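Trainee: Quick one: the structure is below, questions incoming.
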Amino acid sequence: MSADILPVASGRATWRWLRRELRARPGALVGTVLVGILAAGAAILPVYVLGALVDRIIDGSPSSVIAAIAAVLIAAALVGGAATGASNYLIARLGSVMLADLREAGMDRALDLPTTTVERVGRGDLLSRVSTDVATIAKGVNEVIPTMFSALMLTVLTLASMLGVDWRLAIAGAFSIPFYLWALRWYLPRSAPRYAEERRVIAERSQVLMESMLGAPTVHAYHAHTTHQHDIEDASARVRDISIGVFTFFTRFVGRVNGSEFIGLSVILVTGYWLVADGAVTVGQTTAAALLFHRLFNPISMLLFTADEAQSAGASLARLVGLVSIPAPPVAGGVGVQPRDTSLELNNLEFSYDEEHPVLRDVSLRLEPGQRVALVGSTGAGKSTVAGIAAGVLHPQRGGVRIGGVPLAEMSAEQRRRNVAIVSQDVHVFAGPLADDLRLATPDASDDEIANALHSVGAGEWVAALPDGVHTIVGEGGHQLTAAQAQQVALARLLLLDPAVAILDEATAEAGSLGARDLERAAAAVTADRTTLVVAHRLTQAATADRIVVMAHGSIT
C-alpha cells in the first residue's frame, strides 16, 4: 500500500466535532441525560434502602416498616428498568442520527475527492472508512456508549450516596481511586496508538483484498494465485497479531482494575468495623457503604472494560472526521455567467499526478462551437489527462479550462453538468433496472426519451430482446452487458444529458473489431453538431474529425 493515506483527525479535532454535533441537538441531549440520571438513581436507591432495612431489623421494627421498604424496592426496580431501557434507546437514537449525518458527509466528501488523490492513497483506505469504520462506530453507538453512559451516571450517583451515608466511609472507598488512576495512566497512553495501528492495518488489508478482487482476471491469466494469496495472508496476519496484542495488553489492565477493587472494599470493611465498634456509624450504614462500593464494581468495570471498544470506535471516528475535514473544492455560488457559446478552450495546462513528474507541459487548445477534434498520440502522451482536465475531473496545477469564455472552475455544479460530460473507456453499469441506469443522466427522462436515446446509439434491438426490456435488472447480480453494450448505455446517457461539450476518452476502445464500426457510428450520432474532444485510438475516429491534434510527451506537437 502507498505510504500516503487520507488524513486522520487529531483527538482535539474529533472532540470538537463531537461537541459541535451535540450542541446542535440540545433537546435530545438534555432529555437523554435526564432519563439517564433517573435510571441511575432508581438503580442506587435499593442499595441505599437495604442499609436502612438492616438497621430496622436490628432495632426490631414492626413488619409494616419492612413492607414499606419492600414496596420502595419494587417501585425502584420497575422505574429503573423502564428508565434504563428508555435511556439506552435515547442514547442509541442520538448517536445513530449523528453517525448517519457523518456517514452521509463522508460519502459526499469521498465522491468529491480528486481522482489523483484516490489513486495515490488507494481505494482500500477510503472504502474502509465508509464501511468498516462506520460499522465499528455503529457498534459503539448501539452497545458501548449506552453502557458507558449508564456506568458513568451510576458511578457519580453512587459516590454521592456514599457521602450521604457517612463521609468517613466515603473517604475509605476513595482510597482506591489512586489505584484506578494508576491503572488508567498505565493503560490509556499505550492503548490509543495500538488501536490506531489496528485500524490502519485493517485499511491495508482492505486495499490488498480489493486489488486481488478487481484484478482477478489478470491473476488468473498469469496464474499468480499463490502470490496474491500470500499477500492476503500476510495482511490478515498483521491484523491478527495486532488484535491479539491489543487483547493481551487489555487483560493486564483488567488485572490492575481488579486489584483496585479489592483494595477499596477491604479498606471500607476495616474502617466500617472500627467505626461500628466506636458507635460512630450503624451496621446498616456500613452495610450500605460496602454494598454501594461493591455496586461501583460493575459500572467502573463497564467503564474500564469497554474502554478498548471505545478506543476502537474513537480511532474509527477520527478517521471519518479526518475524511470529512478534507477541504472541499471551491464551489461557484449562484447561477454565474452563462457561456456565450459552446467553444472549449484549454489554456497553458500543466499537470502532474505526484507533483514531481510533469504529465502535461503548456498545453493550449481551442475547439470552436460544434467542432470535432481528435486527440492522438502514443500511450503515455497525456491524452487522457487532457480529457480529464477538460471534463473537470482533474484539476491542473497551472492553466485553466473555459467553455464559451466562462472558466470551468467558476461554474456551479449544475452548470458544469449542463455544459460538459465525459464518456471514458471504463464504463460502470450500476446494479438495477436499465432504465434507472440511464436516468442517472436525466432523472425525469420519460420512457419515450429513453427509447429514442437507445435507438440513436443502436441499442434498441438488443434492449428489446432482454427479458424485461428496458426494465431488466442489469449490473452486479443481474443481466451482464457486454463491453460494447455498456459503451452504448454510456453514450445513451450522454445523449439524454445533452451537454454543450462532449469528451470521449477512448469511448469505443472496448468494442472489439466486430463492433467497432457500429459503436463509432453511435458515437458520431451522439456528438453530431456538438463540440467534441475525442481521444482517438483508431484511424477511423481521427479521419472523421474536423481537426487532428497530435500529442507526445505531454505536449502538443
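Simple scheme: letters A, B, ... for chains in C-alpha cells order, numbers from 1 for residues in each chain, numbers from 1 for ligands in the order shown.
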Using only C-alpha atoms, which residues sit within 12 Å of Gln285 of chain A once same-chain residues fewer than 6 positions away are excluded, as a ChimeraX atom specification?

Mentor: /A:47-56,161-170,268-269,271-273,275-276,279,291-292

Trainee: Please produce a file of those selected residues containing N, CA and C atoms, as a tab-separated table (two decimals), in the first residue's frame.

Mentor:
```tsv
chain	number	residue	atom	x	y	z
A	47	VAL	N	-30.02	-0.15	46.99
A	47	VAL	CA	-28.84	-0.39	47.82
A	47	VAL	C	-28.89	0.49	49.06
A	48	TYR	N	-29.25	1.74	48.86
A	48	TYR	CA	-29.33	2.69	49.98
A	48	TYR	C	-30.40	2.23	50.98
A	49	VAL	N	-31.53	1.75	50.46
A	49	VAL	CA	-32.64	1.33	51.31
A	49	VAL	C	-32.28	0.06	52.08
A	50	LEU	N	-31.47	-0.82	51.47
A	50	LEU	CA	-31.09	-2.05	52.16
A	50	LEU	C	-30.34	-1.77	53.47
A	51	GLY	N	-29.52	-0.71	53.46
A	51	GLY	CA	-28.84	-0.33	54.69
A	51	GLY	C	-29.83	0.03	55.78
A	52	ALA	N	-30.87	0.82	55.39
A	52	ALA	CA	-31.90	1.17	56.36
A	52	ALA	C	-32.65	-0.08	56.83
A	53	LEU	N	-32.86	-1.05	55.95
A	53	LEU	CA	-33.56	-2.28	56.31
A	53	LEU	C	-32.78	-3.07	57.36
A	54	VAL	N	-31.45	-3.12	57.22
A	54	VAL	CA	-30.63	-3.83	58.21
A	54	VAL	C	-30.80	-3.21	59.60
A	55	ASP	N	-30.74	-1.86	59.66
A	55	ASP	CA	-30.90	-1.19	60.95
A	55	ASP	C	-32.29	-1.40	61.53
A	56	ARG	N	-33.32	-1.42	60.68
A	56	ARG	CA	-34.68	-1.63	61.17
A	56	ARG	C	-34.85	-3.04	61.74
A	161	SER	N	-24.06	9.05	46.97
A	161	SER	CA	-24.80	8.31	48.00
A	161	SER	C	-23.88	7.88	49.13
A	162	MET	N	-22.65	7.48	48.81
A	162	MET	CA	-21.70	7.09	49.87
A	162	MET	C	-21.38	8.27	50.77
A	163	LEU	N	-21.27	9.46	50.19
A	163	LEU	CA	-21.08	10.65	51.02
A	163	LEU	C	-22.28	10.89	51.92
A	164	GLY	N	-23.48	10.58	51.40
A	164	GLY	CA	-24.69	10.75	52.20
A	164	GLY	C	-24.78	9.76	53.34
A	165	VAL	N	-24.21	8.58	53.17
A	165	VAL	CA	-24.22	7.58	54.25
A	165	VAL	C	-23.30	8.01	55.38
A	166	ASP	N	-22.03	8.25	55.05
A	166	ASP	CA	-21.07	8.73	56.05
A	166	ASP	C	-19.80	9.14	55.32
A	167	TRP	N	-19.33	10.34	55.59
A	167	TRP	CA	-18.19	10.86	54.85
A	167	TRP	C	-16.93	10.05	55.08
A	168	ARG	N	-16.81	9.46	56.30
A	168	ARG	CA	-15.60	8.68	56.58
A	168	ARG	C	-15.57	7.39	55.77
A	169	LEU	N	-16.73	6.76	55.62
A	169	LEU	CA	-16.79	5.57	54.80
A	169	LEU	C	-16.54	5.91	53.32
A	170	ALA	N	-17.02	7.09	52.92
A	170	ALA	CA	-16.78	7.51	51.54
A	170	ALA	C	-15.28	7.73	51.29
A	268	ILE	N	-12.88	-0.22	53.18
A	268	ILE	CA	-14.22	0.13	53.68
A	268	ILE	C	-14.64	-0.82	54.81
A	269	LEU	N	-14.45	-2.09	54.61
A	269	LEU	CA	-14.86	-3.06	55.63
A	269	LEU	C	-14.07	-2.88	56.93
A	271	THR	N	-12.53	-0.08	57.93
A	271	THR	CA	-12.94	1.21	58.51
A	271	THR	C	-14.32	1.11	59.14
A	272	GLY	N	-15.24	0.43	58.45
A	272	GLY	CA	-16.59	0.26	58.99
A	272	GLY	C	-16.59	-0.51	60.30
A	273	TYR	N	-15.73	-1.52	60.40
A	273	TYR	CA	-15.66	-2.32	61.64
A	273	TYR	C	-15.28	-1.43	62.83
A	275	LEU	N	-15.49	1.90	63.04
A	275	LEU	CA	-16.50	2.92	63.31
A	275	LEU	C	-17.71	2.34	64.02
A	276	VAL	N	-18.13	1.12	63.65
A	276	VAL	CA	-19.26	0.47	64.35
A	276	VAL	C	-18.87	0.18	65.79
A	279	GLY	N	-19.25	3.11	67.81
A	279	GLY	CA	-20.59	3.68	67.83
A	279	GLY	C	-20.75	4.89	66.93
A	291	LEU	N	-22.05	-2.12	50.26
A	291	LEU	CA	-22.83	-2.51	49.08
A	291	LEU	C	-22.74	-1.48	47.96
A	292	LEU	N	-22.74	-0.19	48.36
A	292	LEU	CA	-22.61	0.86	47.35
A	292	LEU	C	-21.26	0.77	46.65
```

Trainee: Based on DSSP run over this structure's backbone, return all residues of segment 257-486 of chain A in helix (DSSP H, G or I), as number ranges by chain.

Mentor: A: 257-277, 283-305, 307-324, 383-390, 408-410, 413-419, 434-438, 447-456, 460-464, 469-471, 483-486

Trainee: Looking at A:Ile91, A:Ala71, A:Ile389, A:Ala192, which one is nearest to Leu34 of chain A, with distances taken over only C-alpha atoms?

Mentor: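 Using only C-alpha atoms, the shortest distance to Leu34 of chain A belongs to A:Ile91.
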
Trainee: Neighbours of Thr147 of chain A within 12 Å (only C-alpha atoms; same-chain residues fewer than 2 positions away dropped), as a ChimeraX atom specification?

Mentor: /A:36,40,84-85,87-89,91-92,139-145,149-154,298-307,309-310

Trainee: Could you name the residues that touch segment 126-133 of chain A at 6 Å or less, counting only C-alpha atoms, but leaving out those on the same chain fewer than 2 positions away, as a list in words?

Mentor: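 Result of the neighbour search: Arg123, Gly124, Ala135, Thr136, Ala203 and Ser316 of chain A.
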
Trainee: Could those selected residues go to a file with N, CA and C atoms, as a PDB file, in the first residue's frame?

Mentor:
```pdb
ATOM      1  N   ARG A 123      -7.865   2.827  -2.963  1.00  0.00           N
ATOM      2  CA  ARG A 123      -9.283   2.823  -2.614  1.00  0.00           C
ATOM      3  C   ARG A 123      -9.571   2.067  -1.329  1.00  0.00           C
ATOM      4  N   GLY A 124      -8.644   1.195  -0.901  1.00  0.00           N
ATOM      5  CA  GLY A 124      -8.883   0.403   0.312  1.00  0.00           C
ATOM      6  C   GLY A 124      -9.057   1.277   1.532  1.00  0.00           C
ATOM      7  N   ALA A 135     -19.106   0.734  10.589  1.00  0.00           N
ATOM      8  CA  ALA A 135     -19.646  -0.404  11.349  1.00  0.00           C
ATOM      9  C   ALA A 135     -19.099  -0.404  12.770  1.00  0.00           C
ATOM     10  N   THR A 136     -17.825  -0.076  12.930  1.00  0.00           N
ATOM     11  CA  THR A 136     -17.228  -0.032  14.266  1.00  0.00           C
ATOM     12  C   THR A 136     -17.871   1.060  15.117  1.00  0.00           C
ATOM     13  N   ALA A 203      -7.191  -1.194   7.163  1.00  0.00           N
ATOM     14  CA  ALA A 203      -7.320  -0.492   5.883  1.00  0.00           C
ATOM     15  C   ALA A 203      -6.362  -1.085   4.850  1.00  0.00           C
ATOM     16  N   SER A 316     -11.830   4.923  14.778  1.00  0.00           N
ATOM     17  CA  SER A 316     -12.614   4.948  13.547  1.00  0.00           C
ATOM     18  C   SER A 316     -13.272   6.313  13.341  1.00  0.00           C
TER      19      SER A 316
END
```

Trainee: Pick out the residues sitting within 10 Å of Leu317 of chain A, and hand them over as a ChimeraX atom specification; count only C-alpha atoms, and ignore anything fewer than 4 positions along from it in its own chain.

Mentor: /A:8-9,11,14-15,17-18,99,102,129,133-134,136-137,311-313,321-323

Trainee: Output N, CA, C and O atoms for every residue in the selection just made, as an mmCIF file, in the first residue's frame.

Mentor:
```
data_model
loop_
_atom_site.group_PDB
_atom_site.id
_atom_site.type_symbol
_atom_site.label_atom_id
_atom_site.label_comp_id
_atom_site.auth_asym_id
_atom_site.auth_seq_id
_atom_site.Cartn_x
_atom_site.Cartn_y
_atom_site.Cartn_z
ATOM 1 N N VAL A 8 -6.149 11.704 9.149
ATOM 2 C CA VAL A 8 -6.860 11.232 10.340
ATOM 3 C C VAL A 8 -6.939 12.398 11.307
ATOM 4 O O VAL A 8 -5.921 13.043 11.607
ATOM 5 N N ALA A 9 -8.125 12.698 11.804
ATOM 6 C CA ALA A 9 -8.310 13.847 12.691
ATOM 7 C C ALA A 9 -7.608 13.609 14.027
ATOM 8 O O ALA A 9 -7.537 12.481 14.527
ATOM 9 N N GLY A 11 -7.161 14.021 18.186
ATOM 10 C CA GLY A 11 -8.128 13.849 19.267
ATOM 11 C C GLY A 11 -8.888 15.130 19.553
ATOM 12 O O GLY A 11 -10.104 15.116 19.781
ATOM 13 N N THR A 14 -11.433 15.718 16.802
ATOM 14 C CA THR A 14 -12.554 14.780 16.921
ATOM 15 C C THR A 14 -13.508 15.211 18.023
ATOM 16 O O THR A 14 -14.738 15.191 17.836
ATOM 17 N N TRP A 15 -12.969 15.609 19.168
ATOM 18 C CA TRP A 15 -13.820 16.087 20.262
ATOM 19 C C TRP A 15 -14.544 17.375 19.869
ATOM 20 O O TRP A 15 -15.695 17.595 20.252
ATOM 21 N N TRP A 17 -15.539 18.180 16.881
ATOM 22 C CA TRP A 17 -16.657 17.780 16.026
ATOM 23 C C TRP A 17 -17.794 17.207 16.872
ATOM 24 O O TRP A 17 -18.972 17.528 16.646
ATOM 25 N N LEU A 18 -17.460 16.380 17.877
ATOM 26 C CA LEU A 18 -18.477 15.754 18.710
ATOM 27 C C LEU A 18 -19.249 16.793 19.510
ATOM 28 O O LEU A 18 -20.487 16.743 19.596
ATOM 29 N N LEU A 99 -24.278 9.691 13.614
ATOM 30 C CA LEU A 99 -23.475 8.836 12.737
ATOM 31 C C LEU A 99 -24.004 8.874 11.311
ATOM 32 O O LEU A 99 -23.223 8.890 10.348
ATOM 33 N N LEU A 102 -22.796 11.970 9.742
ATOM 34 C CA LEU A 102 -21.361 11.874 9.469
ATOM 35 C C LEU A 102 -21.100 10.949 8.288
ATOM 36 O O LEU A 102 -20.244 11.232 7.442
ATOM 37 N N ARG A 129 -13.053 3.339 5.456
ATOM 38 C CA ARG A 129 -13.602 4.413 6.291
ATOM 39 C C ARG A 129 -15.122 4.475 6.203
ATOM 40 O O ARG A 129 -15.795 4.714 7.210
ATOM 41 N N ASP A 133 -15.091 1.249 9.265
ATOM 42 C CA ASP A 133 -15.075 2.242 10.344
ATOM 43 C C ASP A 133 -16.486 2.649 10.745
ATOM 44 O O ASP A 133 -16.765 2.841 11.939
ATOM 45 N N VAL A 134 -17.370 2.781 9.790
ATOM 46 C CA VAL A 134 -18.768 3.113 10.112
ATOM 47 C C VAL A 134 -19.390 1.997 10.943
ATOM 48 O O VAL A 134 -20.109 2.254 11.915
ATOM 49 N N THR A 136 -17.825 -0.076 12.930
ATOM 50 C CA THR A 136 -17.228 -0.032 14.266
ATOM 51 C C THR A 136 -17.871 1.060 15.117
ATOM 52 O O THR A 136 -18.180 0.848 16.304
ATOM 53 N N ILE A 137 -18.071 2.224 14.523
ATOM 54 C CA ILE A 137 -18.710 3.322 15.257
ATOM 55 C C ILE A 137 -20.155 2.966 15.587
ATOM 56 O O ILE A 137 -20.656 3.267 16.680
ATOM 57 N N GLN A 311 -12.049 2.925 22.484
ATOM 58 C CA GLN A 311 -10.839 3.366 21.796
ATOM 59 C C GLN A 311 -10.910 3.010 20.319
ATOM 60 O O GLN A 311 -10.543 3.799 19.445
ATOM 61 N N SER A 312 -11.395 1.799 20.026
ATOM 62 C CA SER A 312 -11.507 1.366 18.639
ATOM 63 C C SER A 312 -12.499 2.247 17.883
ATOM 64 O O SER A 312 -12.235 2.689 16.760
ATOM 65 N N ALA A 313 -13.667 2.507 18.525
ATOM 66 C CA ALA A 313 -14.652 3.380 17.893
ATOM 67 C C ALA A 313 -14.112 4.793 17.738
ATOM 68 O O ALA A 313 -14.361 5.468 16.732
ATOM 69 N N VAL A 321 -13.873 11.628 10.675
ATOM 70 C CA VAL A 321 -13.812 13.083 10.828
ATOM 71 C C VAL A 321 -12.674 13.630 9.974
ATOM 72 O O VAL A 321 -12.792 14.703 9.364
ATOM 73 N N GLY A 322 -11.563 12.881 9.907
ATOM 74 C CA GLY A 322 -10.468 13.298 9.034
ATOM 75 C C GLY A 322 -10.891 13.352 7.585
ATOM 76 O O GLY A 322 -10.484 14.250 6.836
ATOM 77 N N LEU A 323 -11.734 12.391 7.175
ATOM 78 C CA LEU A 323 -12.222 12.376 5.791
ATOM 79 C C LEU A 323 -13.096 13.592 5.497
ATOM 80 O O LEU A 323 -12.907 14.278 4.489
#
```
